[in-house]
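These notes concern the structure reproduced below.
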Amino acid sequence: MLLGGWNKRVQRGFPGPGWKNTTQQIMSMLNIDLSFRSHTCGELRPADVGEEVTLCGWVQYLRQDLFVIMRDFSGLAQILIPQDEDKMNLKTALCDLPPESVIRVKGTVRLRPDGQENKMPTGEIEVLAESVEILNVCRKLPFEIKDFVKKSESLRMQYRYLDLRSSQMQYNLRLRSQLVMKMREYLCNVHGFVDVETPTLFKRTPGGAKEFVVPSREPGRFYSLPQSPQQFKQLLMVAGIDRYFQLARCYRDEGSKPDRQPEFTQVDIEMSFVDQAGIRGLIEGLVQYSWPVEKDPVSTPFPCITYEKAMKDYGVDKPDTRFAMKLMDISKTFHNTEIEFLKDALNQPGGCIQAICIPDGAKHLKGKDHESLKQTARTQFGQEDPSLLSHLLEALDSGAPPHGGIALGLDRFLSIIVGAPSIRDVIAFPKSFRGHDLMSRAPDFVSEDELKSYHIAVNWPYIKAHIC
């Protein structure tokens, strides 16, 4: 039926690539064949009074056996339950429904009586029900689908498919979709970038964060899930793609860090024949172009400091400049014993001292991250075998153009825009801080028989004892 409708539009002269109509008009044409509802709950207005409509959605709640408040992704609509004797079956069906049951209602839009309006977007109208079809009766749920009902994060993640029904989560995910669409439009249509997908199964990358490994059927050989497409995007520059981007899935085994995810999304970008100013200008334009119109506008150019200044003033290459907490070199003020005292104080939880600079090579300490800072200071290889990157080194020696790039953390970027306390609030199905999927209970155990084809043996007694 859908193809038939599409063919009819083609025969009638369906708009081609050069057509200058609005997205709303296109959607209006397509929606004729896409759904058996005529309107969404949240779009009805006084201009629709007198129109016969078909609505589909969830029962938010029943009020006084007179009204059903119906909800879909677009908002709420008040359904008036008829009180006539010949409509008692319809009234009984609606009044006996548990909240969150799914229904289809046919009825007529009318104005609410004087004094019964409210400030909802649909608060001036109601729909007088003429027929109802019960599509699914809901079981008793672990929590109510209402924004003001407080739920623990573990419960929200265990029943994520219910949590996603909330208006805030609906807003977050739909804004994410719109943001991504605008980014694609800016990069592809405005600046000629090519969207290229890169492999998920790869080989281990030397240095950097710990990678997840995936077994193969060859004994002792494993794939790795890439931390980022860094190697691939450089290879694409060697290949002459010139301007690459993708919404890249990245994987990092970072343990139990509270606001990290083992899998996340980057807006990954690489360009040939570009300098730092070109990359900065591109990103400033990208952020401005995709920034939601309902939010306060962003101003450009963005503040910029050198790596050397960041390390000198803050001790890290990604400082939070909202706080005036710069490093102070106090090595000439205190004696060695006093410095040792400060080093101990620095590692105390809840202390007000953020960082100090000590005489021993002027190493910057920040809490217990001293070892990680030393690790960062090591060289692209360290003690790794350079042959792990032989393919990349050969490519860079095969007529590679000068190139540069950047990657924006999409999850973090969006969480800042919506003011979410955690990036988990802008991801449809996130993992817990321990990297677990509380809904499906992943990761899960695999039987010995299933592991045989991968030539893997697990020390089960140790695992079971560790769990106990």
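Within each chain, counting starts at residue 1; across the structure tokens, chains are named A, B, ... in the order shown, with ligands numbered 1 upward in that order.
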(message) I'd like the contact shell of Asp397 in chain A - 12 Å cut-off, only C-alpha atoms, skipping same-chain residues fewer than 6 positions apart - returned as JSON, numbers by chain.
(response) {"A": [235, 238, 390, 391]}
Output of the above residues as a short mmCIF file (atom, residue, chain, number, x, y, z; two decimals), in the first residue's frame, restricted to all heavy atoms:
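Wrote it out as selection.cif, contents follow:
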data_model
loop_
_atom_site.label_atom_id
_atom_site.label_comp_id
_atom_site.auth_asym_id
_atom_site.auth_seq_id
_atom_site.Cartn_x
_atom_site.Cartn_y
_atom_site.Cartn_z
N LEU A 235 43.90 7.53 7.21
CA LEU A 235 44.03 6.74 5.99
C LEU A 235 43.11 7.27 4.89
O LEU A 235 43.46 7.23 3.70
CB LEU A 235 43.71 5.27 6.28
CG LEU A 235 44.71 4.54 7.19
CD1 LEU A 235 44.16 3.19 7.62
CD2 LEU A 235 46.05 4.37 6.49
N VAL A 238 44.86 10.07 3.21
CA VAL A 238 45.84 9.54 2.27
C VAL A 238 45.14 9.07 0.99
O VAL A 238 45.67 9.19 -0.11
CB VAL A 238 46.63 8.38 2.92
CG1 VAL A 238 47.61 7.77 1.91
CG2 VAL A 238 47.38 8.86 4.15
N SER A 390 52.33 -0.34 11.50
CA SER A 390 53.10 -0.33 10.25
C SER A 390 52.25 0.07 9.06
O SER A 390 52.71 0.79 8.17
CB SER A 390 53.72 -1.71 10.02
OG SER A 390 52.69 -2.71 9.92
N HIS A 391 50.98 -0.34 9.05
CA HIS A 391 50.10 0.00 7.93
C HIS A 391 49.89 1.51 7.85
O HIS A 391 49.86 2.10 6.76
CB HIS A 391 48.75 -0.70 8.08
CG HIS A 391 48.06 -0.39 9.37
ND1 HIS A 391 48.44 -0.95 10.57
CD2 HIS A 391 47.02 0.45 9.65
CE1 HIS A 391 47.67 -0.49 11.54
NE2 HIS A 391 46.81 0.36 11.01
#
(request) Name all residues at most 8 Å from range 269-280 of chain A (count only C-alpha atoms; drop same-chain ones fewer than 6 positions away) and give them as a VMD selection string. (result) chain A and resid 233 to 234 237 242 to 246 401 to 407
Selection from above, all heavy atoms, as a short mmCIF file (atom, residue, chain, number, x, y, z; two decimals), in the first residue's frame, can you write it?
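To be explicit, this is the file written out as result.cif:
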data_model
loop_
_atom_site.label_atom_id
_atom_site.label_comp_id
_atom_site.auth_asym_id
_atom_site.auth_seq_id
_atom_site.Cartn_x
_atom_site.Cartn_y
_atom_site.Cartn_z
N LYS A 233 40.56 7.67 9.76
CA LYS A 233 40.34 8.97 9.15
C LYS A 233 41.63 9.53 8.55
O LYS A 233 41.59 10.25 7.54
CB LYS A 233 39.71 9.94 10.15
CG LYS A 233 40.54 10.36 11.34
CD LYS A 233 39.68 11.28 12.21
CE LYS A 233 40.42 11.90 13.35
NZ LYS A 233 39.54 12.80 14.14
N GLN A 234 42.77 9.17 9.11
CA GLN A 234 44.03 9.58 8.50
C GLN A 234 44.27 8.81 7.20
O GLN A 234 44.74 9.37 6.21
CB GLN A 234 45.19 9.37 9.47
CG GLN A 234 45.16 10.32 10.65
CD GLN A 234 46.43 10.27 11.48
OE1 GLN A 234 46.45 9.67 12.55
NE2 GLN A 234 47.48 10.88 10.99
N MET A 237 42.40 10.37 4.45
CA MET A 237 43.06 11.55 3.90
C MET A 237 44.13 11.13 2.89
O MET A 237 44.28 11.74 1.83
CB MET A 237 43.68 12.39 5.01
CG MET A 237 42.68 13.00 5.99
SD MET A 237 41.42 14.04 5.22
CE MET A 237 40.02 12.91 5.13
N ASP A 242 39.61 13.88 1.18
CA ASP A 242 39.73 15.32 1.40
C ASP A 242 38.97 15.82 2.62
O ASP A 242 39.54 16.46 3.49
CB ASP A 242 39.27 16.10 0.16
CG ASP A 242 39.67 17.56 0.23
OD1 ASP A 242 40.88 17.84 0.09
OD2 ASP A 242 38.81 18.42 0.46
N ARG A 243 37.67 15.54 2.73
CA ARG A 243 36.89 15.99 3.89
C ARG A 243 35.99 14.85 4.36
O ARG A 243 35.06 14.46 3.66
CB ARG A 243 36.07 17.23 3.55
CG ARG A 243 36.93 18.43 3.23
CD ARG A 243 36.12 19.69 3.04
NE ARG A 243 37.02 20.83 2.83
CZ ARG A 243 36.63 22.09 2.77
NH1 ARG A 243 35.34 22.38 2.91
NH2 ARG A 243 37.51 23.06 2.60
N TYR A 244 36.29 14.33 5.52
CA TYR A 244 35.59 13.16 6.06
C TYR A 244 34.90 13.51 7.36
O TYR A 244 35.39 14.32 8.14
CB TYR A 244 36.58 12.02 6.30
CG TYR A 244 36.31 11.20 7.55
CD1 TYR A 244 35.51 10.06 7.52
CD2 TYR A 244 36.84 11.59 8.79
CE1 TYR A 244 35.25 9.33 8.67
CE2 TYR A 244 36.59 10.86 9.95
CZ TYR A 244 35.79 9.73 9.89
OH TYR A 244 35.53 9.01 11.03
N PHE A 245 33.76 12.88 7.59
CA PHE A 245 33.16 12.91 8.92
C PHE A 245 32.28 11.68 9.08
O PHE A 245 31.87 11.04 8.11
CB PHE A 245 32.34 14.18 9.15
CG PHE A 245 30.88 14.03 8.84
CD1 PHE A 245 29.95 13.81 9.86
CD2 PHE A 245 30.42 14.07 7.53
CE1 PHE A 245 28.60 13.67 9.58
CE2 PHE A 245 29.08 13.93 7.24
CZ PHE A 245 28.16 13.72 8.27
N GLN A 246 31.99 11.35 10.33
CA GLN A 246 30.97 10.35 10.63
C GLN A 246 30.53 10.51 12.07
O GLN A 246 31.24 11.08 12.91
CB GLN A 246 31.48 8.92 10.38
CG GLN A 246 32.49 8.40 11.40
CD GLN A 246 32.71 6.90 11.30
OE1 GLN A 246 31.77 6.12 11.21
NE2 GLN A 246 33.99 6.50 11.28
N PRO A 401 48.69 13.92 2.27
CA PRO A 401 48.57 15.38 2.32
C PRO A 401 48.63 15.87 3.76
O PRO A 401 48.33 15.11 4.69
CB PRO A 401 47.18 15.63 1.72
CG PRO A 401 46.41 14.41 2.10
CD PRO A 401 47.38 13.27 2.06
N PRO A 402 48.98 17.12 3.99
CA PRO A 402 48.85 17.67 5.34
C PRO A 402 47.38 17.64 5.73
O PRO A 402 46.50 17.97 4.93
CB PRO A 402 49.38 19.09 5.21
CG PRO A 402 49.29 19.42 3.76
CD PRO A 402 49.47 18.13 3.03
N HIS A 403 47.10 17.22 6.96
CA HIS A 403 45.70 17.08 7.36
C HIS A 403 45.56 17.31 8.85
O HIS A 403 46.53 17.25 9.61
CB HIS A 403 45.15 15.70 6.98
CG HIS A 403 45.96 14.55 7.51
ND1 HIS A 403 47.06 14.04 6.86
CD2 HIS A 403 45.82 13.80 8.64
CE1 HIS A 403 47.56 13.03 7.54
NE2 HIS A 403 46.84 12.87 8.65
N GLY A 404 44.36 17.59 9.26
CA GLY A 404 44.07 17.80 10.67
C GLY A 404 42.60 17.52 10.93
O GLY A 404 41.78 17.47 10.01
N GLY A 405 42.27 17.34 12.19
CA GLY A 405 40.89 17.02 12.51
C GLY A 405 40.57 17.22 13.96
O GLY A 405 41.39 17.71 14.75
N ILE A 406 39.37 16.82 14.31
CA ILE A 406 38.86 16.99 15.67
C ILE A 406 37.71 16.02 15.85
O ILE A 406 37.16 15.49 14.87
CB ILE A 406 38.39 18.45 15.89
CG1 ILE A 406 38.19 18.75 17.38
CG2 ILE A 406 37.13 18.75 15.10
CD1 ILE A 406 37.96 20.24 17.66
N ALA A 407 37.34 15.76 17.08
CA ALA A 407 36.17 14.93 17.38
C ALA A 407 35.43 15.54 18.55
O ALA A 407 36.01 15.79 19.61
CB ALA A 407 36.59 13.50 17.69
#
(request) Mind checking which residues fall within 12 Å of Leu410 in chain A, counting only C-alpha atoms, ignoring those fewer than 2 positions away in the same chain, and posting them as a ChimeraX atom specification? (result) /A:175-177,179-180,183,246-250,263-268,287,290,407-408,412-417,423-424,426-427
Convert the current residue selection to file output with N, CA and C atoms, as a compact mmCIF listing (two decimals), in the first residue's frame.
# COMPACT_ATOMS: atom_id res chain seq x y z
N LEU A 175 15.69 16.18 20.41
CA LEU A 175 16.66 17.25 20.19
C LEU A 175 17.97 16.68 19.66
N ARG A 176 18.36 15.53 20.16
CA ARG A 176 19.58 14.88 19.67
C ARG A 176 19.44 14.58 18.17
N SER A 177 18.30 14.06 17.78
CA SER A 177 18.06 13.76 16.37
C SER A 177 18.14 15.03 15.52
N LEU A 179 19.70 17.81 16.25
CA LEU A 179 21.07 18.32 16.29
C LEU A 179 21.95 17.58 15.28
N VAL A 180 21.82 16.26 15.27
CA VAL A 180 22.60 15.44 14.34
C VAL A 180 22.25 15.78 12.90
N MET A 183 23.89 18.98 11.96
CA MET A 183 25.32 18.79 11.78
C MET A 183 25.63 18.16 10.43
N GLN A 246 31.99 11.35 10.33
CA GLN A 246 30.97 10.35 10.63
C GLN A 246 30.53 10.51 12.07
N LEU A 247 29.33 10.04 12.36
CA LEU A 247 28.86 9.90 13.73
C LEU A 247 29.39 8.56 14.20
N ALA A 248 30.54 8.58 14.84
CA ALA A 248 31.30 7.36 15.09
C ALA A 248 30.98 6.78 16.47
N ARG A 249 30.76 5.48 16.50
CA ARG A 249 30.65 4.76 17.76
C ARG A 249 32.05 4.42 18.24
N CYS A 250 32.34 4.78 19.48
CA CYS A 250 33.66 4.57 20.05
C CYS A 250 33.54 3.73 21.32
N GLU A 263 30.58 2.69 25.63
CA GLU A 263 30.37 3.02 24.21
C GLU A 263 29.70 4.38 24.13
N PHE A 264 30.19 5.20 23.22
CA PHE A 264 29.70 6.57 23.12
C PHE A 264 29.84 7.03 21.68
N THR A 265 29.38 8.25 21.40
CA THR A 265 29.34 8.74 20.02
C THR A 265 30.18 10.01 19.88
N GLN A 266 30.97 10.04 18.84
CA GLN A 266 31.76 11.22 18.50
C GLN A 266 31.35 11.75 17.13
N VAL A 267 31.33 13.08 17.00
CA VAL A 267 31.26 13.70 15.68
C VAL A 267 32.70 13.80 15.20
N ASP A 268 33.12 12.83 14.41
CA ASP A 268 34.52 12.67 14.04
C ASP A 268 34.78 13.36 12.71
N VAL A 287 28.90 24.42 15.49
CA VAL A 287 28.15 24.59 16.74
C VAL A 287 27.07 25.65 16.57
N SER A 290 24.13 24.27 14.29
CA SER A 290 23.31 23.20 14.86
C SER A 290 22.70 23.56 16.21
N ALA A 407 37.34 15.76 17.08
CA ALA A 407 36.17 14.93 17.38
C ALA A 407 35.43 15.54 18.55
N LEU A 408 34.14 15.81 18.34
CA LEU A 408 33.29 16.33 19.41
C LEU A 408 32.56 15.17 20.08
N ARG A 412 28.27 14.31 25.49
CA ARG A 412 28.61 15.38 26.43
C ARG A 412 28.10 16.72 25.93
N PHE A 413 28.25 16.97 24.64
CA PHE A 413 27.79 18.22 24.05
C PHE A 413 26.28 18.40 24.27
N LEU A 414 25.52 17.35 24.02
CA LEU A 414 24.08 17.44 24.17
C LEU A 414 23.67 17.58 25.62
N SER A 415 24.36 16.89 26.52
CA SER A 415 24.02 16.99 27.95
C SER A 415 24.24 18.41 28.46
N ILE A 416 25.23 19.11 27.91
CA ILE A 416 25.45 20.51 28.29
C ILE A 416 24.30 21.38 27.77
N ILE A 417 23.86 21.12 26.55
CA ILE A 417 22.79 21.92 25.96
C ILE A 417 21.50 21.81 26.76
N ILE A 423 25.45 12.22 31.19
CA ILE A 423 25.31 11.90 29.78
C ILE A 423 24.34 10.75 29.56
N ARG A 424 24.06 9.97 30.61
CA ARG A 424 23.09 8.89 30.47
C ARG A 424 21.70 9.41 30.13
N VAL A 426 20.97 11.57 27.91
CA VAL A 426 20.82 11.92 26.49
C VAL A 426 21.15 10.72 25.60
N ILE A 427 21.27 9.54 26.20
CA ILE A 427 21.52 8.30 25.48
C ILE A 427 20.32 7.39 25.67
(request) Find the residues near Glu52 in chain A: any atom within 10 Å, counting only C-alpha atoms, skip ones fewer than 2 places away on the same chain, and give them as a list in words. (result)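 What passes the distance filter is Ser38, His39, Asp48, Val49, Gly50, Thr54, Lys106, Gly107, Thr108, Val109, Arg110, Val127, Leu128, Ala129 and Glu130 of chain A.
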Dump as an mmCIF file, in the first residue's frame, selection limited to all heavy atoms:
data_model
loop_
_atom_site.group_PDB
_atom_site.id
_atom_site.type_symbol
_atom_site.label_atom_id
_atom_site.label_comp_id
_atom_site.auth_asym_id
_atom_site.auth_seq_id
_atom_site.Cartn_x
_atom_site.Cartn_y
_atom_site.Cartn_z
ATOM 1 N N SER A 38 -5.076 10.339 12.358
ATOM 2 C CA SER A 38 -5.176 11.536 11.525
ATOM 3 C C SER A 38 -4.390 12.695 12.106
ATOM 4 O O SER A 38 -3.923 13.567 11.368
ATOM 5 C CB SER A 38 -6.644 11.955 11.370
ATOM 6 O OG SER A 38 -7.196 12.349 12.630
ATOM 7 N N HIS A 39 -4.226 12.736 13.420
ATOM 8 C CA HIS A 39 -3.520 13.811 14.106
ATOM 9 C C HIS A 39 -2.757 13.222 15.288
ATOM 10 O O HIS A 39 -3.053 12.126 15.757
ATOM 11 C CB HIS A 39 -4.498 14.879 14.636
ATOM 12 C CG HIS A 39 -5.258 15.608 13.572
ATOM 13 N ND1 HIS A 39 -6.288 15.039 12.873
ATOM 14 C CD2 HIS A 39 -5.129 16.878 13.101
ATOM 15 C CE1 HIS A 39 -6.775 15.914 12.004
ATOM 16 N NE2 HIS A 39 -6.090 17.038 12.119
ATOM 17 N N ASP A 48 -9.068 23.436 14.821
ATOM 18 C CA ASP A 48 -9.519 22.099 14.433
ATOM 19 C C ASP A 48 -10.930 21.780 14.909
ATOM 20 O O ASP A 48 -11.415 20.661 14.693
ATOM 21 C CB ASP A 48 -8.547 21.043 15.003
ATOM 22 C CG ASP A 48 -7.133 21.224 14.495
ATOM 23 O OD1 ASP A 48 -6.953 21.274 13.269
ATOM 24 O OD2 ASP A 48 -6.208 21.323 15.333
ATOM 25 N N VAL A 49 -11.596 22.736 15.577
ATOM 26 C CA VAL A 49 -12.936 22.503 16.112
ATOM 27 C C VAL A 49 -13.876 22.077 14.985
ATOM 28 O O VAL A 49 -13.888 22.665 13.901
ATOM 29 C CB VAL A 49 -13.472 23.765 16.826
ATOM 30 C CG1 VAL A 49 -14.968 23.637 17.123
ATOM 31 C CG2 VAL A 49 -12.700 23.995 18.123
ATOM 32 N N GLY A 50 -14.650 21.016 15.282
ATOM 33 C CA GLY A 50 -15.593 20.479 14.314
ATOM 34 C C GLY A 50 -15.023 19.380 13.450
ATOM 35 O O GLY A 50 -15.768 18.691 12.742
ATOM 36 N N THR A 54 -8.744 11.022 14.430
ATOM 37 C CA THR A 54 -8.370 9.723 14.993
ATOM 38 C C THR A 54 -7.045 9.901 15.712
ATOM 39 O O THR A 54 -6.047 10.315 15.107
ATOM 40 C CB THR A 54 -8.224 8.655 13.896
ATOM 41 O OG1 THR A 54 -9.458 8.518 13.200
ATOM 42 C CG2 THR A 54 -7.846 7.308 14.502
ATOM 43 N N LYS A 106 -11.584 7.654 18.080
ATOM 44 C CA LYS A 106 -12.151 8.485 17.025
ATOM 45 C C LYS A 106 -13.180 9.410 17.653
ATOM 46 O O LYS A 106 -13.966 8.986 18.503
ATOM 47 C CB LYS A 106 -12.798 7.629 15.943
ATOM 48 C CG LYS A 106 -11.815 6.791 15.141
ATOM 49 C CD LYS A 106 -12.508 6.031 14.028
ATOM 50 C CE LYS A 106 -11.512 5.220 13.214
ATOM 51 N NZ LYS A 106 -12.175 4.466 12.109
ATOM 52 N N GLY A 107 -13.153 10.679 17.256
ATOM 53 C CA GLY A 107 -14.086 11.618 17.837
ATOM 54 C C GLY A 107 -14.050 12.952 17.125
ATOM 55 O O GLY A 107 -13.371 13.121 16.105
ATOM 56 N N THR A 108 -14.764 13.916 17.722
ATOM 57 C CA THR A 108 -14.881 15.244 17.131
ATOM 58 C C THR A 108 -14.272 16.281 18.056
ATOM 59 O O THR A 108 -14.521 16.270 19.274
ATOM 60 C CB THR A 108 -16.367 15.588 16.885
ATOM 61 O OG1 THR A 108 -16.940 14.559 16.058
ATOM 62 C CG2 THR A 108 -16.500 16.925 16.186
ATOM 63 N N VAL A 109 -13.473 17.173 17.492
ATOM 64 C CA VAL A 109 -12.839 18.239 18.269
ATOM 65 C C VAL A 109 -13.879 19.313 18.587
ATOM 66 O O VAL A 109 -14.647 19.724 17.707
ATOM 67 C CB VAL A 109 -11.666 18.856 17.493
ATOM 68 C CG1 VAL A 109 -10.980 19.936 18.331
ATOM 69 C CG2 VAL A 109 -10.655 17.781 17.091
ATOM 70 N N ARG A 110 -13.882 19.766 19.837
ATOM 71 C CA ARG A 110 -14.772 20.856 20.221
ATOM 72 C C ARG A 110 -14.082 21.725 21.263
ATOM 73 O O ARG A 110 -13.106 21.296 21.906
ATOM 74 C CB ARG A 110 -16.102 20.317 20.750
ATOM 75 C CG ARG A 110 -16.020 19.646 22.100
ATOM 76 C CD ARG A 110 -17.393 19.177 22.543
ATOM 77 N NE ARG A 110 -17.475 19.039 23.985
ATOM 78 C CZ ARG A 110 -18.595 18.699 24.647
ATOM 79 N NH1 ARG A 110 -19.704 18.471 23.974
ATOM 80 N NH2 ARG A 110 -18.581 18.611 25.964
ATOM 81 N N VAL A 127 -11.725 16.363 22.803
ATOM 82 C CA VAL A 127 -12.249 15.487 21.758
ATOM 83 C C VAL A 127 -13.372 14.652 22.352
ATOM 84 O O VAL A 127 -13.158 13.898 23.314
ATOM 85 C CB VAL A 127 -11.144 14.581 21.177
ATOM 86 C CG1 VAL A 127 -11.733 13.616 20.148
ATOM 87 C CG2 VAL A 127 -10.034 15.415 20.558
ATOM 88 N N LEU A 128 -14.569 14.802 21.804
ATOM 89 C CA LEU A 128 -15.706 13.990 22.227
ATOM 90 C C LEU A 128 -15.590 12.625 21.564
ATOM 91 O O LEU A 128 -15.671 12.496 20.336
ATOM 92 C CB LEU A 128 -17.017 14.655 21.824
ATOM 93 C CG LEU A 128 -18.301 13.858 22.122
ATOM 94 C CD1 LEU A 128 -18.438 13.576 23.617
ATOM 95 C CD2 LEU A 128 -19.522 14.577 21.580
ATOM 96 N N ALA A 129 -15.356 11.591 22.393
ATOM 97 C CA ALA A 129 -15.110 10.249 21.859
ATOM 98 C C ALA A 129 -16.377 9.674 21.237
ATOM 99 O O ALA A 129 -17.462 9.749 21.814
ATOM 100 C CB ALA A 129 -14.605 9.332 22.966
ATOM 101 N N GLU A 130 -16.223 9.087 20.055
ATOM 102 C CA GLU A 130 -17.327 8.403 19.382
ATOM 103 C C GLU A 130 -17.095 6.902 19.305
ATOM 104 O O GLU A 130 -18.038 6.119 19.262
ATOM 105 C CB GLU A 130 -17.517 8.994 17.982
ATOM 106 C CG GLU A 130 -17.922 10.470 18.007
ATOM 107 C CD GLU A 130 -17.856 11.118 16.640
ATOM 108 O OE1 GLU A 130 -17.513 10.414 15.663
ATOM 109 O OE2 GLU A 130 -18.129 12.324 16.547
#
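Here the residues within range 141-266 of chain A that DSSP labels strand (DSSP E) on the basis of the backbone are Val194, Asp195, Val213, Val214, Pro215, Phe222, Tyr223, Ser224, Arg243, Tyr244, Phe245, Gln246, Leu247, Ala248, Arg249, Cys250, Tyr251, Glu263, Phe264, Thr265 and Gln266 of chain A.
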(request) Assign secondary structure with DSSP using the backbone only, and return the residues of range 138-241 of chain A in alpha helix (DSSP H) as number ranges by chain. (result) A: 153-158, 160-163, 167-184, 230-238
Okay, now the selection with C-alpha atoms, as a short mmCIF file (atom, residue, chain, number, x, y, z; two decimals), in the first residue's frame?
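Result file follows (again15.cif):
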data_model
loop_
_atom_site.label_atom_id
_atom_site.label_comp_id
_atom_site.auth_asym_id
_atom_site.auth_seq_id
_atom_site.Cartn_x
_atom_site.Cartn_y
_atom_site.Cartn_z
CA GLU A 153 18.58 5.95 38.34
CA SER A 154 18.98 2.18 38.63
CA LEU A 155 15.20 1.73 38.39
CA ARG A 156 15.04 4.09 35.42
CA MET A 157 17.74 2.10 33.62
CA GLN A 158 16.19 -1.26 34.49
CA ARG A 160 14.42 2.19 30.30
CA TYR A 161 11.60 1.61 27.81
CA LEU A 162 9.24 3.13 30.39
CA ASP A 163 11.59 5.93 31.42
CA SER A 167 8.49 14.23 28.38
CA GLN A 168 12.07 15.17 29.33
CA MET A 169 13.59 12.03 27.80
CA GLN A 170 11.41 12.43 24.71
CA TYR A 171 12.68 16.00 24.39
CA ASN A 172 16.31 14.96 24.86
CA LEU A 173 16.24 12.25 22.21
CA ARG A 174 14.31 14.31 19.68
CA LEU A 175 16.66 17.25 20.19
CA ARG A 176 19.58 14.88 19.67
CA SER A 177 18.06 13.76 16.37
CA GLN A 178 17.55 17.36 15.24
CA LEU A 179 21.07 18.32 16.29
CA VAL A 180 22.60 15.44 14.34
CA MET A 181 20.52 16.30 11.27
CA LYS A 182 21.72 19.92 11.36
CA MET A 183 25.32 18.79 11.78
CA ARG A 184 25.06 16.51 8.76
CA GLN A 230 41.73 8.00 14.37
CA GLN A 231 43.73 5.67 12.13
CA PHE A 232 40.96 5.26 9.58
CA LYS A 233 40.34 8.97 9.15
CA GLN A 234 44.03 9.58 8.50
CA LEU A 235 44.03 6.74 5.99
CA LEU A 236 41.04 8.36 4.28
CA MET A 237 43.06 11.55 3.90
CA VAL A 238 45.84 9.54 2.27
#
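Nearest residue to Gln60 in chain A among A:Pro98, A:Gly419, A:Gly115, A:Pro297 is A:Pro98, counting only C-alpha atoms.
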(message) Measuring between only C-alpha atoms, which one of A:Phe36, A:Asp313, A:Pro206, A:Val68 shows the shortest distance to Pro386 in chain A?
(response) A:Pro206
(message) I want to know what sits within 9 Å of Lys318 in chain A, based on only C-alpha atoms, with residues of the same chain fewer than 6 positions away left out; could you give that as a list in words?
(response)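 With the cut-off at 9 Å, the set is Tyr307, Ala310 and Met311 of chain A.
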(message) Neighbouring residues of Cys56 in chain A were defined as those with any atom within 12 Å, considering only C-alpha atoms; residues of the same chain fewer than 6 positions away were excluded. Please report them as a ChimeraX atom specification.
(response) /A:35-42,69-77,79,101-107,132-136
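One finds CA of Tyr61 in chain A at 18.4 Å from CA of Arg112 in chain A.
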(request) Identify, on the basis of only C-alpha atoms, every residue whose closest approach to Lys452 in chain A does not exceed 12 Å; exclude the query and any residue fewer than 3 positions from it along the same chain; express the result as a list in words. (result)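 Counting only the stated atoms, we get Pro215, Ser216, Arg217, Glu218, Pro219, Val446, Ser447, Glu448, Asp449, His455, Ile456, Ala457 and Val458 of chain A.
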